[in-house]
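Let me begin by presenting the structure, written as structure tokens, before commenting on it.
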Amino acid sequence: MDREDTFGKLGLKPEIDTKSGFCYGVIRAINQSENYLAGNNKLYSLGAIVHNSNELLRLEGKGMKVIGHNDIEKIDDAALFIRAHGEPPSTYEKAKSRNLEIVDCTCPVVLKLQERIRKGYVAIKAQGGLLLIFGKRGHAEVNGLVGQVGGDAVIIERLSDLEVVDFKKPLVIFSQTTKDPAEYSSIVSHIKMKIAEAGGPLEKFICHNTICRQVSSRHPHLKQFAQKHSVIIFVSGVESSNGKVLFETCNSVNKRSYKIEQVSEIDREWFSSGDTVGICGATSTPMWQLEEVCEFLKKL
């Protein structure tokens, strides 16, 4: 393609993906935190409400202070914010012991999953089996899920993690709500194969589809979105697990995909004259940030 000279306008045609931006659980959590801060000057958030530094700075300006689990011991008679990822029962017990008011914003989808895991655990243990959780080890949501069963679960992050599983036992598996459906399907297929090889009870393997529908629908949508544009600008915080997964979805079909956290990271050299540019992001990316990128690209 012809490229404009250094001082000429590229005439880019940017389009924001209307299905990108905060998921329902994050929108709900941010709204509840802002409602609380409208009448109070401080709210302690147990972990970052979203993995997005720009949004965290905005909320910090309203009075939100991010703390870690060890910091719970240092605060009294204050309000503790539970983010959409959820927490294990032990966190609630610790907060109660410190006389903390809990502002619980656990996503309803995650709450339902926690309940299903508790019930699934009782059922599988009665058969002498194992509970598996497909998710990122150390992720806040996964920590909360494992905590529902006192840590008695096997976390499956990748195929190699299946090496510790006894495939001759009854198995039940759940997924972290924000994982890639295709990756989960691959893990499940591999488990079935391993059970067959070990001569285990395939009829006693139960797979639960617990990936959030709002999140899972973004994968096929983003593939189509990325394919129809010359360039993709994917906006996400560096710590966002969901952002890493969704960016790879874009990159798998459009190699001119670029992941940024700040608009200042955009390089003019990424574009050619007249490029159509798709702007999208993670479930932790605010729409105002996508709009900021769009306005920047219009001026290039």
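All residue names refer to the structure tokens as shown: chains lettered A, B, ... in order, residues numbered from 1 in each chain, ligands numbered from 1 in order.
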
Closest atom pairs, stretch 224-268 of chain A residues within 12 Å of stretch 22-31 of chain A, only C-alpha atoms, as a Markdown table:
| residue | atom | partner | partner_atom | distance |
| --- | --- | --- | --- | --- |
| A:Val235 | CA | A:Phe22 | CA | 11.8 |
| A:Ser236 | CA | A:Phe22 | CA | 11.0 |
| A:Asn242 | CA | A:Cys23 | CA | 11.0 |
| A:Gly243 | CA | A:Phe22 | CA | 11.4 |

Can you list every residue in stretch 41-252 of chain A that DSSP puts in strand (DSSP E or B), as an mmCIF file with N, CA and C atoms, in the first residue's frame?
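Final output, part_14.cif:
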data_model
loop_
_atom_site.group_PDB
_atom_site.id
_atom_site.type_symbol
_atom_site.label_atom_id
_atom_site.label_comp_id
_atom_site.auth_asym_id
_atom_site.auth_seq_id
_atom_site.Cartn_x
_atom_site.Cartn_y
_atom_site.Cartn_z
ATOM 1 N N LEU A 43 -13.058 3.335 50.514
ATOM 2 C CA LEU A 43 -13.493 1.950 50.325
ATOM 3 C C LEU A 43 -12.256 1.112 50.028
ATOM 4 N N TYR A 44 -12.033 0.080 50.853
ATOM 5 C CA TYR A 44 -10.879 -0.789 50.649
ATOM 6 C C TYR A 44 -11.249 -1.934 49.698
ATOM 7 N N SER A 45 -10.591 -1.975 48.566
ATOM 8 C CA SER A 45 -10.853 -3.034 47.579
ATOM 9 C C SER A 45 -9.842 -4.156 47.755
ATOM 10 N N LEU A 46 -10.342 -5.359 47.966
ATOM 11 C CA LEU A 46 -9.463 -6.508 48.143
ATOM 12 C C LEU A 46 -8.983 -6.974 46.770
ATOM 13 N N MET A 64 -11.155 4.920 46.418
ATOM 14 C CA MET A 64 -10.930 3.481 46.513
ATOM 15 C C MET A 64 -9.443 3.200 46.750
ATOM 16 N N LYS A 65 -9.168 2.359 47.736
ATOM 17 C CA LYS A 65 -7.785 1.979 48.033
ATOM 18 C C LYS A 65 -7.653 0.474 47.880
ATOM 19 N N VAL A 66 -6.730 0.037 47.024
ATOM 20 C CA VAL A 66 -6.523 -1.396 46.783
ATOM 21 C C VAL A 66 -5.600 -1.969 47.854
ATOM 22 N N ILE A 67 -6.029 -3.075 48.463
ATOM 23 C CA ILE A 67 -5.214 -3.730 49.486
ATOM 24 C C ILE A 67 -5.100 -5.226 49.168
ATOM 25 N N ALA A 79 -14.910 -0.470 55.411
ATOM 26 C CA ALA A 79 -15.664 -1.211 54.405
ATOM 27 C C ALA A 79 -14.702 -1.947 53.484
ATOM 28 N N LEU A 80 -14.947 -3.244 53.314
ATOM 29 C CA LEU A 80 -14.106 -4.077 52.450
ATOM 30 C C LEU A 80 -14.895 -4.456 51.203
ATOM 31 N N PHE A 81 -14.349 -4.122 50.061
ATOM 32 C CA PHE A 81 -15.004 -4.362 48.771
ATOM 33 C C PHE A 81 -14.545 -5.700 48.192
ATOM 34 N N ILE A 82 -15.505 -6.599 47.932
ATOM 35 C CA ILE A 82 -15.210 -7.872 47.287
ATOM 36 C C ILE A 82 -15.516 -7.714 45.799
ATOM 37 N N GLU A 101 -17.282 -3.981 57.354
ATOM 38 C CA GLU A 101 -18.488 -4.001 56.526
ATOM 39 C C GLU A 101 -18.096 -4.553 55.156
ATOM 40 N N ILE A 102 -18.837 -5.521 54.650
ATOM 41 C CA ILE A 102 -18.506 -6.110 53.352
ATOM 42 C C ILE A 102 -19.428 -5.560 52.270
ATOM 43 N N VAL A 103 -18.813 -5.003 51.239
ATOM 44 C CA VAL A 103 -19.537 -4.584 50.047
ATOM 45 C C VAL A 103 -19.258 -5.665 49.012
ATOM 46 N N ASP A 104 -20.161 -6.622 48.918
ATOM 47 C CA ASP A 104 -19.917 -7.828 48.116
ATOM 48 C C ASP A 104 -20.402 -7.645 46.683
ATOM 49 N N LEU A 130 -12.311 -37.195 42.049
ATOM 50 C CA LEU A 130 -11.549 -35.948 42.118
ATOM 51 C C LEU A 130 -12.311 -34.805 41.454
ATOM 52 N N LEU A 131 -12.139 -33.607 42.004
ATOM 53 C CA LEU A 131 -12.701 -32.406 41.406
ATOM 54 C C LEU A 131 -11.590 -31.638 40.702
ATOM 55 N N LEU A 132 -11.807 -31.315 39.434
ATOM 56 C CA LEU A 132 -10.839 -30.575 38.633
ATOM 57 C C LEU A 132 -11.391 -29.191 38.315
ATOM 58 N N ILE A 133 -10.515 -28.199 38.300
ATOM 59 C CA ILE A 133 -10.903 -26.840 37.913
ATOM 60 C C ILE A 133 -9.962 -26.359 36.821
ATOM 61 N N PHE A 134 -10.518 -26.078 35.659
ATOM 62 C CA PHE A 134 -9.731 -25.549 34.555
ATOM 63 C C PHE A 134 -9.637 -24.033 34.707
ATOM 64 N N VAL A 154 -7.931 -30.146 41.954
ATOM 65 C CA VAL A 154 -6.749 -30.115 41.080
ATOM 66 C C VAL A 154 -6.965 -29.016 40.047
ATOM 67 N N ILE A 155 -6.053 -28.045 40.020
ATOM 68 C CA ILE A 155 -6.151 -26.960 39.049
ATOM 69 C C ILE A 155 -5.476 -27.389 37.747
ATOM 70 N N ILE A 156 -6.202 -27.292 36.664
ATOM 71 C CA ILE A 156 -5.678 -27.642 35.343
ATOM 72 C C ILE A 156 -5.507 -26.365 34.540
ATOM 73 N N LEU A 171 -14.332 -38.466 37.833
ATOM 74 C CA LEU A 171 -13.833 -37.093 37.732
ATOM 75 C C LEU A 171 -14.970 -36.131 37.392
ATOM 76 N N VAL A 172 -14.868 -34.925 37.938
ATOM 77 C CA VAL A 172 -15.783 -33.858 37.560
ATOM 78 C C VAL A 172 -14.939 -32.611 37.312
ATOM 79 N N ILE A 173 -15.260 -31.861 36.266
ATOM 80 C CA ILE A 173 -14.476 -30.676 35.943
ATOM 81 C C ILE A 173 -15.374 -29.462 35.736
ATOM 82 N N PHE A 174 -14.902 -28.324 36.244
ATOM 83 C CA PHE A 174 -15.543 -27.027 36.057
ATOM 84 C C PHE A 174 -14.498 -26.088 35.453
ATOM 85 N N SER A 175 -14.953 -25.020 34.829
ATOM 86 C CA SER A 175 -14.014 -24.059 34.249
ATOM 87 C C SER A 175 -14.161 -22.687 34.891
ATOM 88 N N PHE A 205 -17.309 -39.523 34.276
ATOM 89 C CA PHE A 205 -16.646 -38.237 34.037
ATOM 90 C C PHE A 205 -17.715 -37.205 33.707
ATOM 91 N N ILE A 206 -17.811 -36.170 34.536
ATOM 92 C CA ILE A 206 -18.818 -35.128 34.337
ATOM 93 C C ILE A 206 -18.124 -33.811 34.002
ATOM 94 N N CYS A 207 -18.503 -33.232 32.871
ATOM 95 C CA CYS A 207 -17.941 -31.957 32.432
ATOM 96 C C CYS A 207 -19.026 -30.886 32.503
ATOM 97 N N VAL A 231 -6.156 -3.578 10.362
ATOM 98 C CA VAL A 231 -5.341 -3.552 11.585
ATOM 99 C C VAL A 231 -6.269 -3.648 12.792
ATOM 100 N N ILE A 232 -5.783 -4.313 13.833
ATOM 101 C CA ILE A 232 -6.527 -4.399 15.093
ATOM 102 C C ILE A 232 -5.700 -3.753 16.204
ATOM 103 N N ILE A 233 -6.333 -2.833 16.935
ATOM 104 C CA ILE A 233 -5.731 -2.276 18.147
ATOM 105 C C ILE A 233 -6.522 -2.846 19.321
ATOM 106 N N PHE A 234 -5.860 -3.682 20.094
ATOM 107 C CA PHE A 234 -6.504 -4.338 21.237
ATOM 108 C C PHE A 234 -6.026 -3.656 22.513
ATOM 109 N N VAL A 235 -6.966 -3.114 23.273
ATOM 110 C CA VAL A 235 -6.635 -2.343 24.470
ATOM 111 C C VAL A 235 -6.902 -3.176 25.716
#

Just list the residues in stretch 83-257 of chain A DSSP gives alpha helix (DSSP H) on the backbone, as a ChimeraX atom specification. /A:89-97,108-126,140-147,181-198,213-216,218-227,241-253

Would you put the residues from that selection into a file with C-alpha atoms, as a PDB file, in the first residue's frame?
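File result-v8.pdb, as written:
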ATOM      1  CA  PRO A  89     -15.164 -18.408  52.659  1.00  0.00           C
ATOM      2  CA  SER A  90     -11.988 -17.757  54.673  1.00  0.00           C
ATOM      3  CA  THR A  91     -11.909 -14.151  53.482  1.00  0.00           C
ATOM      4  CA  TYR A  92     -15.406 -13.483  54.808  1.00  0.00           C
ATOM      5  CA  GLU A  93     -14.468 -15.056  58.139  1.00  0.00           C
ATOM      6  CA  LYS A  94     -11.380 -12.878  58.428  1.00  0.00           C
ATOM      7  CA  ALA A  95     -13.337  -9.733  57.544  1.00  0.00           C
ATOM      8  CA  LYS A  96     -15.979 -10.578  60.139  1.00  0.00           C
ATOM      9  CA  SER A  97     -13.305 -11.005  62.796  1.00  0.00           C
ATOM     10  CA  PRO A 108     -23.654 -13.522  39.952  1.00  0.00           C
ATOM     11  CA  VAL A 109     -22.172 -15.916  37.386  1.00  0.00           C
ATOM     12  CA  VAL A 110     -19.212 -16.588  39.693  1.00  0.00           C
ATOM     13  CA  LEU A 111     -21.497 -16.978  42.716  1.00  0.00           C
ATOM     14  CA  LYS A 112     -23.491 -19.612  40.864  1.00  0.00           C
ATOM     15  CA  LEU A 113     -20.289 -21.416  39.904  1.00  0.00           C
ATOM     16  CA  GLN A 114     -19.090 -21.418  43.520  1.00  0.00           C
ATOM     17  CA  GLU A 115     -22.359 -23.037  44.552  1.00  0.00           C
ATOM     18  CA  ARG A 116     -22.124 -25.661  41.793  1.00  0.00           C
ATOM     19  CA  ILE A 117     -18.551 -26.487  42.815  1.00  0.00           C
ATOM     20  CA  ARG A 118     -19.572 -27.046  46.442  1.00  0.00           C
ATOM     21  CA  LYS A 119     -22.369 -29.399  45.366  1.00  0.00           C
ATOM     22  CA  GLY A 120     -20.203 -31.133  42.753  1.00  0.00           C
ATOM     23  CA  TYR A 121     -17.490 -31.694  45.327  1.00  0.00           C
ATOM     24  CA  VAL A 122     -19.847 -33.445  47.746  1.00  0.00           C
ATOM     25  CA  ALA A 123     -21.160 -35.685  44.958  1.00  0.00           C
ATOM     26  CA  ILE A 124     -17.764 -36.658  43.508  1.00  0.00           C
ATOM     27  CA  LYS A 125     -16.197 -37.275  46.927  1.00  0.00           C
ATOM     28  CA  ALA A 126     -19.028 -39.668  47.755  1.00  0.00           C
ATOM     29  CA  ALA A 140      -8.392 -14.443  42.029  1.00  0.00           C
ATOM     30  CA  GLU A 141     -11.469 -16.238  40.707  1.00  0.00           C
ATOM     31  CA  VAL A 142      -9.724 -19.611  40.801  1.00  0.00           C
ATOM     32  CA  ASN A 143      -8.515 -18.980  44.351  1.00  0.00           C
ATOM     33  CA  GLY A 144     -12.114 -18.309  45.322  1.00  0.00           C
ATOM     34  CA  LEU A 145     -13.335 -21.464  43.586  1.00  0.00           C
ATOM     35  CA  VAL A 146     -10.728 -23.721  45.160  1.00  0.00           C
ATOM     36  CA  GLY A 147     -11.475 -22.139  48.509  1.00  0.00           C
ATOM     37  CA  PRO A 181     -14.109 -22.273  25.214  1.00  0.00           C
ATOM     38  CA  ALA A 182     -11.955 -23.916  22.534  1.00  0.00           C
ATOM     39  CA  GLU A 183      -9.116 -24.472  25.012  1.00  0.00           C
ATOM     40  CA  TYR A 184     -11.542 -25.947  27.542  1.00  0.00           C
ATOM     41  CA  SER A 185     -12.988 -28.262  24.904  1.00  0.00           C
ATOM     42  CA  SER A 186      -9.471 -29.455  24.064  1.00  0.00           C
ATOM     43  CA  ILE A 187      -8.728 -30.194  27.739  1.00  0.00           C
ATOM     44  CA  VAL A 188     -11.988 -32.131  28.115  1.00  0.00           C
ATOM     45  CA  SER A 189     -11.287 -34.201  24.974  1.00  0.00           C
ATOM     46  CA  HIS A 190      -7.818 -35.014  26.285  1.00  0.00           C
ATOM     47  CA  ILE A 191      -9.249 -36.138  29.637  1.00  0.00           C
ATOM     48  CA  LYS A 192     -11.689 -38.472  27.884  1.00  0.00           C
ATOM     49  CA  MET A 193      -8.821 -39.953  25.894  1.00  0.00           C
ATOM     50  CA  LYS A 194      -6.747 -40.463  29.051  1.00  0.00           C
ATOM     51  CA  ILE A 195      -9.656 -42.127  30.847  1.00  0.00           C
ATOM     52  CA  ALA A 196     -10.089 -44.540  27.934  1.00  0.00           C
ATOM     53  CA  GLU A 197      -6.353 -45.332  27.896  1.00  0.00           C
ATOM     54  CA  ALA A 198      -6.352 -45.989  31.663  1.00  0.00           C
ATOM     55  CA  ARG A 213     -21.764 -16.875  27.909  1.00  0.00           C
ATOM     56  CA  GLN A 214     -21.116 -13.155  27.579  1.00  0.00           C
ATOM     57  CA  VAL A 215     -17.383 -13.843  27.603  1.00  0.00           C
ATOM     58  CA  SER A 216     -17.448 -16.997  25.470  1.00  0.00           C
ATOM     59  CA  ARG A 218     -16.664 -12.718  22.344  1.00  0.00           C
ATOM     60  CA  HIS A 219     -14.274 -15.270  20.893  1.00  0.00           C
ATOM     61  CA  PRO A 220     -16.168 -16.028  17.645  1.00  0.00           C
ATOM     62  CA  HIS A 221     -17.288 -12.401  17.424  1.00  0.00           C
ATOM     63  CA  LEU A 222     -13.731 -11.071  17.752  1.00  0.00           C
ATOM     64  CA  LYS A 223     -12.496 -13.454  15.064  1.00  0.00           C
ATOM     65  CA  GLN A 224     -15.013 -12.000  12.631  1.00  0.00           C
ATOM     66  CA  PHE A 225     -14.244  -8.453  13.782  1.00  0.00           C
ATOM     67  CA  ALA A 226     -10.486  -8.949  13.376  1.00  0.00           C
ATOM     68  CA  GLN A 227     -10.852 -10.523   9.932  1.00  0.00           C
ATOM     69  CA  SER A 241      -5.720 -12.832  31.810  1.00  0.00           C
ATOM     70  CA  ASN A 242      -8.861 -12.366  29.763  1.00  0.00           C
ATOM     71  CA  GLY A 243      -7.090  -9.709  27.708  1.00  0.00           C
ATOM     72  CA  LYS A 244      -4.228 -12.049  26.839  1.00  0.00           C
ATOM     73  CA  VAL A 245      -6.641 -14.744  25.681  1.00  0.00           C
ATOM     74  CA  LEU A 246      -8.864 -12.431  23.632  1.00  0.00           C
ATOM     75  CA  PHE A 247      -5.871 -10.732  22.021  1.00  0.00           C
ATOM     76  CA  GLU A 248      -4.582 -14.113  20.865  1.00  0.00           C
ATOM     77  CA  THR A 249      -8.012 -14.728  19.338  1.00  0.00           C
ATOM     78  CA  CYS A 250      -7.579 -11.564  17.262  1.00  0.00           C
ATOM     79  CA  ASN A 251      -3.954 -12.296  16.430  1.00  0.00           C
ATOM     80  CA  SER A 252      -4.795 -15.803  15.240  1.00  0.00           C
ATOM     81  CA  VAL A 253      -6.752 -14.391  12.289  1.00  0.00           C
TER      82      VAL A 253
END

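The coordinates place atom CA of A:His51 at 11.4 Å from atom CA of A:Arg83.
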
For A:Glu239, which residue among A:Glu203, A:Phe271, A:His69, A:Ile49 is the nearest when counting only C-alpha atoms? A:Ile49

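Of the listed residues A:Lys9, A:Ala38, A:Gln176, A:Ala153, the one whose atoms come nearest to A:Gly86 is A:Gln176, with distances taken using only C-alpha atoms.
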
Counting only C-alpha atoms, the residue of A:Asn70, A:Glu292, A:Leu300, A:Lys19 that sits nearest A:Ser272: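 When distances to A:Ser272 are compared using only C-alpha atoms, the smallest one comes from A:Leu300.
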
Considering only C-alpha atoms, return as a ChimeraX atom specification whatever protein or nucleic-acid residues lie within 9 Å of A:Ile16, sequence-local ones (same chain, fewer than 3 positions apart) excluded. /A:19-20,277-280,290-291,294

Just the selected residues (C-alpha atoms), exported as a short mmCIF file (atom, residue, chain, number, x, y, z; two decimals), in the first residue's frame, please.
data_model
loop_
_atom_site.label_atom_id
_atom_site.label_comp_id
_atom_site.auth_asym_id
_atom_site.auth_seq_id
_atom_site.Cartn_x
_atom_site.Cartn_y
_atom_site.Cartn_z
CA LYS A 19 -19.29 -5.80 22.15
CA SER A 20 -15.95 -5.00 23.77
CA VAL A 277 -8.73 -0.18 12.08
CA GLY A 278 -10.72 -2.30 14.50
CA ILE A 279 -10.56 -1.17 18.12
CA CYS A 280 -11.45 -3.75 20.76
CA LEU A 290 -11.61 2.55 23.38
CA GLU A 291 -13.19 5.89 22.43
CA CYS A 294 -10.59 6.00 18.21
#

Any idea what the distance is between atom CA of A:Lys169 and atom CA of A:Gln148?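 So the answer is 21.4 Å.
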
Best match for closeness to A:Ser273 among A:Leu57, A:Leu297, A:Leu159, A:Met287, counting only C-alpha atoms: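 Among the listed residues, A:Leu297 lies closest to A:Ser273.
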
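The nearest approach to A:Phe296 among the residues A:Gly135, A:Gly68, A:Pro14, A:Gly281, with only C-alpha atoms taken into account, belongs to A:Pro14.
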
Grab the atom CA of A:Thr285 to atom CA of A:Gly21 distance for me, in Å with one decimal place. 4.9 Å

Would you kindly return, as a VMD selection string, each protein, DNA or RNA residue with an atom no farther than 7 Å from any atom of A:Gly237, considering only C-alpha atoms and excluding same-chain residues fewer than 4 positions away? chain A and resid 51 to 53 261
